[in-house]
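Engineer: Please read through the structure below; I'll follow up with questions.
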Number of protein chains: 2
Amino acid sequence: MRANLTYFFEPESVAVIGASQHKGKIGHELLNNIITYGYQGKIYAVNIKADEIDTILGVKPYKSVKDIPDPVDLALICIPAPSVAEALRECGEKKVKACVIITSGFSETENVKGEQELVEIAHHYSMPFLGPNVFGVIYTPQKLNASFGPTELLPGKIAFITQSGALGISLMDWTIAERIGLSSVVSVGNKADVDDDDVLEFFARDENTEAIALYMEGIKEGRRFMDLVERIVMQKPVIAIKSGRSQKGAKAAASHTGSLAGSDAVFDSVFKQIGILRAKSTREAFDWARIFSLEKPKGDNVVIITNGGGAGVMATDEAEEKEVHLLDDYTYLKEVFEKCVPPFGSTRNPIDLTGQTGEIGYKIALETALREEKIHAIVIIYCEAPLTDPLLVAQYIIEVTGKNEFRKPVIAAFIGGSRSEIGINMLNEKGIPSYPEPERAVDALGAFYRWVHFIDREKEEERPGALPLGEENKKRIYEIIGTARKEQRLQLLENEAEEILRLAGFAVPSSRIGSSISECVKAAEEIGYPVVMKIVSEDIIHKSDVGGVRVNVQSTEEVKEIYEDIMTKARKRYPEANLRGILVCEMVEKGVETILGMSSDPQFGPVIMFGLGGIYVEVLKDVSFRVAPLSRRDAEEMIHEIKTAPLLYGVRGGARKDIEVLQENLYRLGLLVTEIPEIAEMDVNPLVVLDKGKGCKVLDARMTLHPEERRP
Amino acid sequence: MRANLTYFFEPESVAVIGASQHKGKIGHELLNNIITYGYQGKIYAVNIKADEIDTILGVKPYKSVKDIPDPVDLALICIPAPSVAEALRECGEKKVKACVIITSGFSETENVKGEQELVEIAHHYSMPFLGPNVFGVIYTPQKLNASFGPTELLPGKIAFITQSGALGISLMDWTIAERIGLSSVVSVGNKADVDDDDVLEFFARDENTEAIALYMEGIKEGRRFMDLVERIVMQKPVIAIKSGRSQKGAKAAASHTGSLAGSDAVFDSVFKQIGILRAKSTREAFDWARIFSLEKPKGDNVVIITNGGGAGVMATDEAEEKEVHLLDDYTYLKEVFEKCVPPFGSTRNPIDLTGQTGEIGYKIALETALREEKIHAIVIIYCEAPLTDPLLVAQYIIEVTGKNEFRKPVIAAFIGGSRSEIGINMLNEKGIPSYPEPERAVDALGAFYRWVHFIDREKEEERPGALPLGEENKKRIYEIIGTARKEQRLQLLENEAEEILRLAGFAVPSSRIGSSISECVKAAEEIGYPVVMKIVSEDIIHKSDVGGVRVNVQSTEEVKEIYEDIMTKARKRYPEANLRGILVCEMVEKGVETILGMSSDPQFGPVIMFGLGGIYVEVLKDVSFRVAPLSRRDAEEMIHEIKTAPLLYGVRGGARKDIEVLQENLYRLGLLVTEIPEIAEMDVNPLVVLDKGKGCKVLDARMTLHPEERRP
């Protein structure tokens, strides 16, 4: 954590610089919100015309923050952009602990210089600031609403960080209407100084926050964000709404924030990798956030209790889609729920109490489910019916869940009109997450389980152990890179790339370069027939296209003949090319061809890609990504995540492939590119995965270096 | 249409049989709803204890429906199940025009016989009935609320048909809370007599209904449903919520309605084929239904106007996902919207007016967009902000759209709290579909475009022309089938299957059966080398597994040798098998291997499947379905729908394949299985698709007949 953010959230005094008497002005709304929401610390107003003004909203104004006789912890600046720097400087001189610069008109309108000036002033005084171009900060435990948003915000346990101002304010209004409580709202705006990461770090340690929701459009330091969130997620769920999923959306995001929206596939992988729950909409994010105040379920068995078969079926569909496990031991369920269900109902989970059930039917069924140790979480679905009162159903749920000594998650969905809405609000206010649609309840439970499972797996995960390279190997790799640099090549030669991979622990079939017929014959005899012959030249990248690759070469005669042929054709096609000779390699058995790739993401650095060779990558785009370095579990997930993974499991009578070695190779690739940041791009294509026990073989590899001036 | 349903919706008199004085009884609620909702026709009450009762809710009761002195158009029966048959008979004698049997306790509780009795009575009197086990019928144009649901239902243009009672009632409550107007609600219950199809047919012709929403769990007569809906969709959109998507969901559906839930993939294809819009949830269905009261857009160019960049990005993401085309001529957009947008806003669609825009900013931007002929539909997104009033924004939208001489769709999303909610309601009440989330607005617009595009395409579609078989060919096919029947085989021999395909217009490589070495040699010489040799035996299905297939046979010597070899191995492995000889076939060039399959769905009859051969079908399950017969467009869509379709377009330097002939083959397969209903299952695997201009070749085919007793 770079800055102490405590003073943003728990200041003992707040000054509004630019406080105004005029309703509708931001400086008025800000001061009014602070007062109205019940802030208990000292409140000061600063207005340049303080001499002419008696009081502003009952607060005596000062001409400058420096005139305030007592210390100021937090200053909110909402004066026109050209005056902000001066005001910030005065805050520095006054030893203000933290500033929020509400004013817009800086980097978002291409006034980058103006923003830079603010940063320099703040650094000079070691005074952190939020903004510019924000709507403020809210922290409900301190009754601090230093924003120009709504004032009726409900206290709760969810912290909300937003990169979008307009969206953030409108969502505050929405949480009020939906009865969702918040611990905090922070608008991060241009992030000139304090950014999402700092704020995240604060909430990670904040006892008043149980879940963090994050609206983001882009990120600046990807790896730092990952390291930070990976730690936080083990304590508290982090839910992200990352917009700019689509190509056009990404463009829209770029045009409006100036922050680079990375490739969405990479973001998606990053979120999986560090356990962020990615919501598709803000509504979904808050649906999820609400559920984390519940006890963690002790197992995966979920039971749905409903009075409407149709609603039960819809919940079941959603459960299957979101991988929520519905308990399906029907004998057991029948035994347990038989007495709760009329003869034409169903105990086959959903437990269908039928439309004829009364309020008491829900009570009995819920009590029954809570008592059963084998049941770990319960979803109650109620369809409003004229003869069953939603308020009474809600009351029973509250009553029964209140004395729930087993402490297991109970969530609800009430489908109906305004009375159902009241029932939902009653439940939400008692901490029982409730929704107007069964799908939303099940979807939220699905997110809960994803987080719980992530933590469980992460705990088992061993930390990356000793790096695979060792000083000796690393030195050799730098020698190879040095040669390329000396020759002003960014593209490594195939044999160079293969040597690096071998040093990193990959199996590369043995090979020799021969620069004459006799050298090639000697090489082939040492390696043993059959062999493969490939031309070596940094000037010819797609070797197959010029007939520069020949497989299954069986004899000395063939070696001689093919040597001549390759060289003749290459010289003819690329008269300028530097032909270094012919690589003679061991011929490898058939297996499944895979591609291991690596590229440099502007935000996250080295990203590893995995997919199956040929059309699977090219046509089906069936690939997975992770940011390097990978844990062994990341490597495992990358393999099983692609749709064509079953081809590695052994289909149509084929043998199971050596997935263990493939996983190890992916893991090692992650370490290699992390240890050798000079590598900018890489394709191991194909890496042939042989039958189980036989390992994987690198058949071809390409590696490109970062230009020296852009070396990370 | 089997029955005249007018009397269910527009009766001149209604009788409640089982009317009750006691609040909370269904017979009381029903009568009360009819009176309260303002029905203008005559209302009668029937109660067995009429002698002892003065009036029920102010209505004089009769002991039997037969005692009513005037004619009765519609009778609602809500007395205990054992008395229903008698009451129904009395209705018949009274010449009641239509009955709704509310009472439950029939086929849904396995009282199938009781239900059958009701059907017989109704048929005897030619009197249609709805139910049993329903909550009633509502038709708002007549102010008829003959249900025990809520009474505050809003009039509108959406008809809602539901198979689930509890869900239906609770959704009625929900539409009231959400200010959604309905023309009708019908609970179809057990569908003993009148079913969804009849009701659909009524709404198709109903002038008061503009969109039809359908909650369904299964279907009885699939093909009839398809024919009907295909016609309706050209006039009015039909939106279906088909639950039981998941395997577990399908089980839950089966256990609660008794109707068979078909394979969900087939349902999905059917919906595409006939233009039904499939919603994932009831909420989504009504989100969509609301939009169809708008004029159809005259083109695909959509513009989004927003005050929140973040909300704009989210809408853009959704637009890309739902294939809503955002106008992207940025030069044009800049020209048009420059004057509406502040310098740090954006005209790059979303048109970002920025958070600083006032209400009037929306007015000007919307007016501008409406005036532009190149813009065909507009989405307005408003993020609630303290300085911009949602009510005023809504008012401006209403005002500007009201005098919209271009008549183009305008929809809105207001993100915010209770004031935004009021804004949304204002807009919805004026017929401007409005939502609390930008994604929902765009999603609805996407559904609108899907419908519009379906209609456009369907209009271009030529009706299936003359059938391909002809009497001569059909006779020959029945001869082949006759032979199999005589030999008590359901499985046709390969040559039989291939002959049928040839008669249906498929290209099957020439081949001859030889039952001796000399016959095979003669056949090979006639066909020309190289040839393929395959064993012929109804007892050996997987011929490759016993070495019964040999390709690339080059000479007379090889034919002789291979003949001996195949026969010896087959005899050894299947000593009991009837070996009919060896099929000698033309050898086919390499191409893309595809699978054309057909199976019999219990609800929809013959279903055609298409996919690419090998692992694409087996591992990736990358297949498409349509119900036979197919239109040429269905065939085209089947091909392009699969993810691996690009392999047919020519990838990695390969030539484009003969997609036209492939399409023709699919189309012909659809006609074949429709004309010859004896065929139960078929696999044309592989059908090799050669380069464009060279057609497709059947390499192998299997066909199975329906057992004679289960022939359709």
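Note on naming: chains are A, B, ... as they come in the structure tokens, residues start from 1 per chain, ligands start from 1 in the order shown.
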Kindly assemble as a tab-separated table a list of the chain A residues that lie within 7 Å of chain B, each paired with its nearest atom pair and their distance in Å to one decimal, using only C-alpha atoms, sorted first by chain and then by ascending residue number.

Structural biologist:
residue	atom	partner	partner_atom	distance
A:Gly24	CA	B:Leu387	CA	6.5
A:Thr109	CA	B:Phe344	CA	5.3
A:Gly149	CA	B:Pro386	CA	6.3
A:Ser164	CA	B:Gly310	CA	5.5
A:Ala166	CA	B:Gly308	CA	4.9
A:Leu167	CA	B:Gly308	CA	5.9
A:Ile169	CA	B:Ala385	CA	6.3
A:Ser170	CA	B:Gly416	CA	4.4
A:Leu171	CA	B:Gly416	CA	5.6
A:Asp173	CA	B:Gly417	CA	4.1
A:Trp174	CA	B:Gly417	CA	4.2
A:Ile176	CA	B:Gly417	CA	6.3
A:Ala177	CA	B:Gly417	CA	5.0
A:Ser243	CA	B:Met314	CA	5.6
A:Gly244	CA	B:Val313	CA	5.9
A:Arg245	CA	B:Asp317	CA	5.6
A:Ser246	CA	B:Asp317	CA	4.8
A:Lys248	CA	B:Thr316	CA	6.4
A:Gly249	CA	B:Thr316	CA	4.9
A:Ala252	CA	B:Val313	CA	5.7
A:Ala253	CA	B:Val313	CA	5.9
A:His256	CA	B:Gly309	CA	6.2
A:Gly308	CA	B:Ala166	CA	5.0
A:Gly309	CA	B:His256	CA	6.3
A:Gly310	CA	B:Ser164	CA	5.5
A:Ala311	CA	B:Leu167	CA	6.1
A:Val313	CA	B:Gly249	CA	4.9
A:Met314	CA	B:Ser243	CA	5.6
A:Thr316	CA	B:Gly249	CA	4.9
A:Asp317	CA	B:Ser246	CA	4.8
A:Glu320	CA	B:Ser246	CA	6.1
A:Phe344	CA	B:Thr109	CA	5.5
A:Gly355	CA	B:Ala166	CA	5.7
A:Cys383	CA	B:Ser170	CA	5.1
A:Glu384	CA	B:Ser170	CA	4.4
A:Ala385	CA	B:Ser170	CA	6.1
A:Pro386	CA	B:Gly149	CA	6.4
A:Leu387	CA	B:Gly24	CA	6.6
A:Ile415	CA	B:Ser170	CA	5.6
A:Gly416	CA	B:Ser170	CA	4.4
A:Gly417	CA	B:Asp173	CA	4.1
A:Ser418	CA	B:Ala177	CA	5.6
A:Val619	CA	B:Pro646	CA	6.6
A:Leu620	CA	B:Thr644	CA	6.7
A:Lys643	CA	B:Leu620	CA	6.8
A:Thr644	CA	B:Leu620	CA	6.7
A:Pro646	CA	B:Val619	CA	6.6

Engineer: Show which residues sit within 9 Å of Leu200 in chain B, as an MDAnalysis selection string. Count only C-alpha atoms, and ignore same-chain residues fewer than 3 positions away.

Structural biologist: chainID B and resid 161 195:197 203:205 212 228:229 232

Engineer: With N, CA and C atoms kept, could you save the residues just selected as an mmCIF file, in the first residue's frame?

Structural biologist:
data_model
loop_
_atom_site.group_PDB
_atom_site.id
_atom_site.type_symbol
_atom_site.label_atom_id
_atom_site.label_comp_id
_atom_site.auth_asym_id
_atom_site.auth_seq_id
_atom_site.Cartn_x
_atom_site.Cartn_y
_atom_site.Cartn_z
ATOM 1 N N ILE B 161 -50.048 -17.026 -22.274
ATOM 2 C CA ILE B 161 -50.587 -18.377 -22.123
ATOM 3 C C ILE B 161 -49.628 -19.144 -21.228
ATOM 4 N N ASP B 195 -56.335 -26.743 -26.063
ATOM 5 C CA ASP B 195 -54.917 -26.705 -25.690
ATOM 6 C C ASP B 195 -54.252 -25.422 -26.192
ATOM 7 N N ASP B 196 -52.944 -25.313 -25.968
ATOM 8 C CA ASP B 196 -52.200 -24.091 -26.324
ATOM 9 C C ASP B 196 -52.445 -23.707 -27.776
ATOM 10 N N ASP B 197 -52.502 -24.713 -28.635
ATOM 11 C CA ASP B 197 -52.631 -24.441 -30.062
ATOM 12 C C ASP B 197 -53.925 -23.703 -30.359
ATOM 13 N N PHE B 203 -55.519 -15.996 -30.529
ATOM 14 C CA PHE B 203 -54.758 -14.749 -30.397
ATOM 15 C C PHE B 203 -54.193 -14.284 -31.737
ATOM 16 N N ALA B 204 -53.934 -15.250 -32.613
ATOM 17 C CA ALA B 204 -53.421 -14.895 -33.923
ATOM 18 C C ALA B 204 -54.394 -13.949 -34.615
ATOM 19 N N ARG B 205 -55.681 -14.174 -34.400
ATOM 20 C CA ARG B 205 -56.684 -13.372 -35.089
ATOM 21 C C ARG B 205 -57.228 -12.227 -34.237
ATOM 22 N N ILE B 212 -47.551 -12.399 -28.314
ATOM 23 C CA ILE B 212 -48.011 -13.546 -27.523
ATOM 24 C C ILE B 212 -46.832 -14.118 -26.753
ATOM 25 N N LEU B 228 -48.810 -24.188 -37.099
ATOM 26 C CA LEU B 228 -49.639 -23.102 -36.600
ATOM 27 C C LEU B 228 -48.792 -21.854 -36.316
ATOM 28 N N VAL B 229 -47.738 -22.048 -35.532
ATOM 29 C CA VAL B 229 -46.954 -20.892 -35.091
ATOM 30 C C VAL B 229 -46.238 -20.236 -36.267
ATOM 31 N N ILE B 232 -48.553 -17.811 -37.539
ATOM 32 C CA ILE B 232 -48.821 -16.696 -36.623
ATOM 33 C C ILE B 232 -47.668 -15.704 -36.610
#

Engineer: Please return, as an mmCIF file with N, CA and C atoms, in the first residue's frame, all residues of range 81-130 of chain B that DSSP assigns to helix (DSSP H, G or I) on the basis of the backbone.

Structural biologist:
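What ended up in selection-v6.cif:
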data_model
loop_
_atom_site.group_PDB
_atom_site.id
_atom_site.type_symbol
_atom_site.label_atom_id
_atom_site.label_comp_id
_atom_site.auth_asym_id
_atom_site.auth_seq_id
_atom_site.Cartn_x
_atom_site.Cartn_y
_atom_site.Cartn_z
ATOM 1 N N ALA B 81 -63.855 -32.323 -7.357
ATOM 2 C CA ALA B 81 -63.640 -33.146 -8.547
ATOM 3 C C ALA B 81 -64.737 -34.192 -8.786
ATOM 4 N N PRO B 82 -65.182 -34.918 -7.770
ATOM 5 C CA PRO B 82 -66.165 -35.971 -8.051
ATOM 6 C C PRO B 82 -67.476 -35.441 -8.646
ATOM 7 N N SER B 83 -67.799 -34.153 -8.424
ATOM 8 C CA SER B 83 -69.067 -33.623 -8.937
ATOM 9 C C SER B 83 -68.930 -32.928 -10.282
ATOM 10 N N VAL B 84 -67.702 -32.805 -10.789
ATOM 11 C CA VAL B 84 -67.476 -32.003 -11.986
ATOM 12 C C VAL B 84 -68.197 -32.587 -13.212
ATOM 13 N N ALA B 85 -68.112 -33.907 -13.361
ATOM 14 C CA ALA B 85 -68.690 -34.537 -14.550
ATOM 15 C C ALA B 85 -70.174 -34.228 -14.645
ATOM 16 N N GLU B 86 -70.857 -34.355 -13.522
ATOM 17 C CA GLU B 86 -72.294 -34.101 -13.507
ATOM 18 C C GLU B 86 -72.590 -32.643 -13.891
ATOM 19 N N ALA B 87 -71.800 -31.730 -13.323
ATOM 20 C CA ALA B 87 -72.006 -30.310 -13.614
ATOM 21 C C ALA B 87 -71.762 -30.030 -15.095
ATOM 22 N N LEU B 88 -70.754 -30.691 -15.639
ATOM 23 C CA LEU B 88 -70.412 -30.489 -17.043
ATOM 24 C C LEU B 88 -71.560 -30.980 -17.926
ATOM 25 N N ARG B 89 -72.123 -32.121 -17.522
ATOM 26 C CA ARG B 89 -73.254 -32.677 -18.281
ATOM 27 C C ARG B 89 -74.427 -31.703 -18.258
ATOM 28 N N GLU B 90 -74.672 -31.127 -17.105
ATOM 29 C CA GLU B 90 -75.759 -30.148 -16.996
ATOM 30 C C GLU B 90 -75.495 -28.936 -17.895
ATOM 31 N N CYS B 91 -74.210 -28.535 -17.967
ATOM 32 C CA CYS B 91 -73.853 -27.426 -18.855
ATOM 33 C C CYS B 91 -74.196 -27.788 -20.296
ATOM 34 N N GLY B 92 -73.888 -29.034 -20.650
ATOM 35 C CA GLY B 92 -74.180 -29.492 -21.998
ATOM 36 C C GLY B 92 -75.671 -29.420 -22.281
ATOM 37 N N GLU B 93 -76.451 -29.888 -21.328
ATOM 38 C CA GLU B 93 -77.904 -29.872 -21.520
ATOM 39 C C GLU B 93 -78.424 -28.439 -21.615
ATOM 40 N N SER B 107 -55.951 -35.714 -14.329
ATOM 41 C CA SER B 107 -54.772 -36.464 -14.800
ATOM 42 C C SER B 107 -53.494 -36.082 -14.051
ATOM 43 N N GLU B 108 -53.410 -34.846 -13.528
ATOM 44 C CA GLU B 108 -52.182 -34.453 -12.834
ATOM 45 C C GLU B 108 -52.011 -35.229 -11.535
ATOM 46 N N THR B 109 -53.100 -35.834 -11.017
ATOM 47 C CA THR B 109 -52.973 -36.713 -9.840
ATOM 48 C C THR B 109 -53.279 -38.156 -10.247
ATOM 49 N N VAL B 112 -56.720 -40.273 -14.581
ATOM 50 C CA VAL B 112 -56.831 -40.141 -16.030
ATOM 51 C C VAL B 112 -58.248 -40.470 -16.485
ATOM 52 N N LYS B 113 -58.827 -41.458 -15.829
ATOM 53 C CA LYS B 113 -60.172 -41.894 -16.208
ATOM 54 C C LYS B 113 -61.186 -40.780 -16.000
ATOM 55 N N GLY B 114 -61.067 -40.115 -14.864
ATOM 56 C CA GLY B 114 -61.968 -38.999 -14.564
ATOM 57 C C GLY B 114 -61.888 -37.934 -15.642
ATOM 58 N N GLU B 115 -60.656 -37.662 -16.092
ATOM 59 C CA GLU B 115 -60.467 -36.630 -17.109
ATOM 60 C C GLU B 115 -61.063 -37.071 -18.443
ATOM 61 N N GLN B 116 -60.870 -38.350 -18.742
ATOM 62 C CA GLN B 116 -61.398 -38.898 -19.986
ATOM 63 C C GLN B 116 -62.928 -38.751 -20.034
ATOM 64 N N GLU B 117 -63.532 -38.958 -18.895
ATOM 65 C CA GLU B 117 -65.003 -38.837 -18.812
ATOM 66 C C GLU B 117 -65.428 -37.407 -19.186
ATOM 67 N N LEU B 118 -64.670 -36.423 -18.677
ATOM 68 C CA LEU B 118 -64.997 -35.028 -18.995
ATOM 69 C C LEU B 118 -64.921 -34.783 -20.500
ATOM 70 N N VAL B 119 -63.877 -35.343 -21.112
ATOM 71 C CA VAL B 119 -63.699 -35.155 -22.550
ATOM 72 C C VAL B 119 -64.892 -35.752 -23.298
ATOM 73 N N GLU B 120 -65.321 -36.931 -22.866
ATOM 74 C CA GLU B 120 -66.438 -37.591 -23.558
ATOM 75 C C GLU B 120 -67.724 -36.778 -23.448
ATOM 76 N N ILE B 121 -67.965 -36.269 -22.257
ATOM 77 C CA ILE B 121 -69.180 -35.458 -22.064
ATOM 78 C C ILE B 121 -69.131 -34.237 -22.978
ATOM 79 N N ALA B 122 -67.986 -33.550 -22.949
ATOM 80 C CA ALA B 122 -67.863 -32.309 -23.736
ATOM 81 C C ALA B 122 -68.036 -32.593 -25.223
ATOM 82 N N HIS B 123 -67.437 -33.691 -25.681
ATOM 83 C CA HIS B 123 -67.572 -34.042 -27.095
ATOM 84 C C HIS B 123 -69.027 -34.345 -27.440
ATOM 85 N N HIS B 124 -69.670 -35.029 -26.538
ATOM 86 C CA HIS B 124 -71.082 -35.373 -26.772
ATOM 87 C C HIS B 124 -71.920 -34.123 -27.032
#

Engineer: Mind checking DSSP for range 303-489 of chain A and telling me the strand (DSSP E or B) residues as a PyMOL selection string?

Structural biologist: chain A and resi 303-306+326+346+351-352+377-383+385+388+410-415+434-435

Engineer: Using only C-alpha atoms, which protein or nucleic acid residues come within 8 Å of Leu144 in chain B? Drop anything in the same chain fewer than 2 positions from it, and give the result as a compact mmCIF listing (two decimals) with N, CA, C and O atoms, in the first residue's frame.

Structural biologist:
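Generated output (result-v7.txt):
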# COMPACT_ATOMS: atom_id res chain seq x y z
N PHE B 9 -63.63 -15.79 -24.42
CA PHE B 9 -63.06 -14.44 -24.27
C PHE B 9 -64.11 -13.34 -24.33
O PHE B 9 -63.97 -12.32 -23.69
N ILE B 34 -64.73 -11.38 -11.20
CA ILE B 34 -65.54 -11.06 -12.39
C ILE B 34 -66.29 -9.74 -12.14
O ILE B 34 -66.30 -8.84 -12.99
N TYR B 37 -63.65 -6.59 -11.54
CA TYR B 37 -62.87 -6.15 -12.69
C TYR B 37 -63.75 -5.42 -13.71
O TYR B 37 -63.25 -4.86 -14.68
N GLY B 38 -65.10 -5.49 -13.50
CA GLY B 38 -65.98 -4.64 -14.30
C GLY B 38 -66.59 -5.31 -15.53
O GLY B 38 -66.96 -4.64 -16.50
N TYR B 39 -66.75 -6.64 -15.47
CA TYR B 39 -67.37 -7.35 -16.60
C TYR B 39 -68.77 -6.79 -16.84
O TYR B 39 -69.55 -6.60 -15.91
N VAL B 137 -59.43 -17.60 -16.97
CA VAL B 137 -59.22 -16.87 -18.22
C VAL B 137 -59.42 -15.39 -17.96
O VAL B 137 -60.35 -15.01 -17.25
N ILE B 138 -58.55 -14.57 -18.54
CA ILE B 138 -58.72 -13.12 -18.43
C ILE B 138 -58.65 -12.54 -19.83
O ILE B 138 -57.80 -12.95 -20.64
N TYR B 139 -59.55 -11.61 -20.12
CA TYR B 139 -59.52 -10.93 -21.41
C TYR B 139 -59.86 -9.47 -21.13
O TYR B 139 -61.03 -9.11 -20.91
N THR B 140 -58.84 -8.65 -21.13
CA THR B 140 -59.04 -7.27 -20.65
C THR B 140 -59.89 -6.41 -21.58
O THR B 140 -60.59 -5.53 -21.08
N PRO B 141 -59.91 -6.63 -22.91
CA PRO B 141 -60.77 -5.77 -23.73
C PRO B 141 -62.24 -5.88 -23.32
O PRO B 141 -63.01 -4.95 -23.50
N GLN B 142 -62.63 -7.04 -22.79
CA GLN B 142 -64.02 -7.23 -22.33
C GLN B 142 -64.13 -7.02 -20.83
O GLN B 142 -65.17 -7.34 -20.24
N ALA B 146 -62.03 -13.79 -15.27
CA ALA B 146 -62.63 -15.01 -14.76
C ALA B 146 -61.54 -15.90 -14.20
O ALA B 146 -61.28 -16.99 -14.68

Engineer: Out of B:Ile477, B:Met609, B:Ile541, B:Val536, which residue has the shortest atom-to-atom distance to Ile676 in chain B when counting only C-alpha atoms?

Structural biologist: B:Ile477

Engineer: Which residues, written as a PyMOL selection string, have at least one atom at most 9 Å from range 478-486 of chain B, with only C-alpha atoms counted and residues fewer than 5 positions away on the same chain left out?

Structural biologist: chain B and resi 473+491-493+496-497+499-500+676+678+705+708

Engineer: Any chance you can output those residues with C-alpha atoms as a CSV table (one decimal), in the first residue's frame?

Structural biologist:
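So the final result, stored in result_16.csv, reads:
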chain,number,residue,atom,x,y,z
B,473,ASN,CA,-39.0,-43.9,-57.3
B,491,GLN,CA,-32.0,-52.5,-40.4
B,492,LEU,CA,-31.6,-52.0,-44.1
B,493,LEU,CA,-28.6,-53.3,-45.9
B,496,GLU,CA,-30.5,-50.9,-49.9
B,497,ALA,CA,-29.9,-47.7,-48.0
B,499,GLU,CA,-30.2,-47.2,-53.4
B,500,ILE,CA,-32.9,-45.3,-51.5
B,676,ILE,CA,-41.3,-42.2,-46.4
B,678,GLU,CA,-41.4,-45.9,-42.5
B,705,LEU,CA,-37.2,-48.8,-40.1
B,708,GLU,CA,-44.3,-52.4,-38.1

Engineer: May I ask for the distance between CA of Ile535 in chain B and CA of Ala570 in chain B, given in Å to one decimal place?

Structural biologist: 8.4 Å

Engineer: Could you state the separation of CA of Lys475 in chain B and CA of Pro677 in chain B in Å, given to one decimal place?

Structural biologist: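 Going from CA of Lys475 in chain B over to CA of Pro677 in chain B covers 13.8 Å.
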
Engineer: If you count only C-alpha atoms, which residues fall within 8 Å of Leu612 in chain B, apart from same-chain ones fewer than 6 positions away, as an MDAnalysis selection string?

Structural biologist: chainID B and resid 592:595 622:623 644

Engineer: Between CA of Leu501 in chain A and CA of Gly470 in chain A, what distance in Å does the model show, to one decimal?

Structural biologist: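 These atoms are spaced 13.6 Å apart.
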